[in-house]
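Worksheet: one structure, shown below.
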Amino acid sequence: MGLLDSFEKGLERAVNGAFAKTFRSGIQPVEIASALRRELDTKAAVVSRDRILAPNEFTVRLNPADEERMSRLGSALQTELDQMVRKHASAQGYSFAGPVRISLRADDAVAAGTLSIESRSAEGDVSWQAVVEIAGRQHPLRGSRTVIGRGSEADITVADTGTSRKHVEILWDGQNAMMRDLGSTNGSKVDGHATKQAPLHSGSIIRIGRTDIVFRVIPQASPRRPQTSSTRLFDIGER
């Protein structure tokens, strides 16, 4: 089942029989989903290796008659659109600078059966934060060198007797990261391979003792400057 099929099925389940009765004619919710997906693909921008920034705020303008039909679905439509945008972004490797926001607005200037999308991103207002995830908890890497181990002198401590007091260090310069083993007793692995040192990319898994440490680089929104925006018009026949 494709992403848009999943979207439509999910929306139909959420609103039961009202789905088919409401949308026998006029613009369909799946057309909005398809247009949002294209907007993500069109406006996604590569900001560095392995980092593609996509718009996170969308205003969908509809003819008042179409917007009124959409409003009958209440929060179900908003929820399904949000989930669809996040799933597509995840599948394509896109990052967001902030929370996803999608709003539907009535606009007399939009012809029935068509829609326009205005998208905004925080491009230029984004910094990249390195973090490690241990047992579901995120630990930001505050400095250029972070020591991980079971000792109290480590910057990040793990409750694992299979690790050394100072087991590994992570070096981060704001662009690149590396793991170095600090002469541990039981050694270290990166992505399943035993190693003394290795470069890290977002998603790399460091294993020390019985503990998995996931290294990630995530976008952080800074105080906004005036945002960039764009508007695209779509006909419901455009797929």
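Going by the structure tokens order, chains are called A, B, ..., each with residues numbered from 1, while ligands are numbered from 1 in the order shown.
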- Selection: 6 Å around Arg216 of chain A, only C-alpha atoms, excl. self and same-chain fewer than 3 positions, as a VMD selection string: chain A and resid 130 to 131 202 to 203
- Leu53 of chain A environment, 7 Å, only C-alpha atoms, sequence neighbours closer than 3 positions dropped, as a ChimeraX atom specification: /A:44-47,94-96
Serialized selection, C-alpha atoms, as a PDB file, in the first residue's frame:
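Generated output (part.pdb):
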```
ATOM      1  CA  ALA A  44      13.677  20.485   0.315  1.00  0.00           C
ATOM      2  CA  ALA A  45      17.190  21.946   0.363  1.00  0.00           C
ATOM      3  CA  VAL A  46      20.522  20.234   1.005  1.00  0.00           C
ATOM      4  CA  VAL A  47      22.327  22.193   3.720  1.00  0.00           C
ATOM      5  CA  TYR A  94      14.262  15.271   5.272  1.00  0.00           C
ATOM      6  CA  SER A  95      14.692  17.249   8.498  1.00  0.00           C
ATOM      7  CA  PHE A  96      12.419  19.924   9.936  1.00  0.00           C
TER       8      PHE A  96
END
```
- Can you list, as a PyMOL selection string, all residues belonging to segment 91-170 of chain A that DSSP tags as strand (DSSP E or B)? chain A and resi 94-95+101-106+114-121+126-134+137-140+145-149+156-157+168-170
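The two atoms in question, atom CA of Ala89 of chain A and atom CA of Ala76 of chain A, are spaced 20.1 Å apart.
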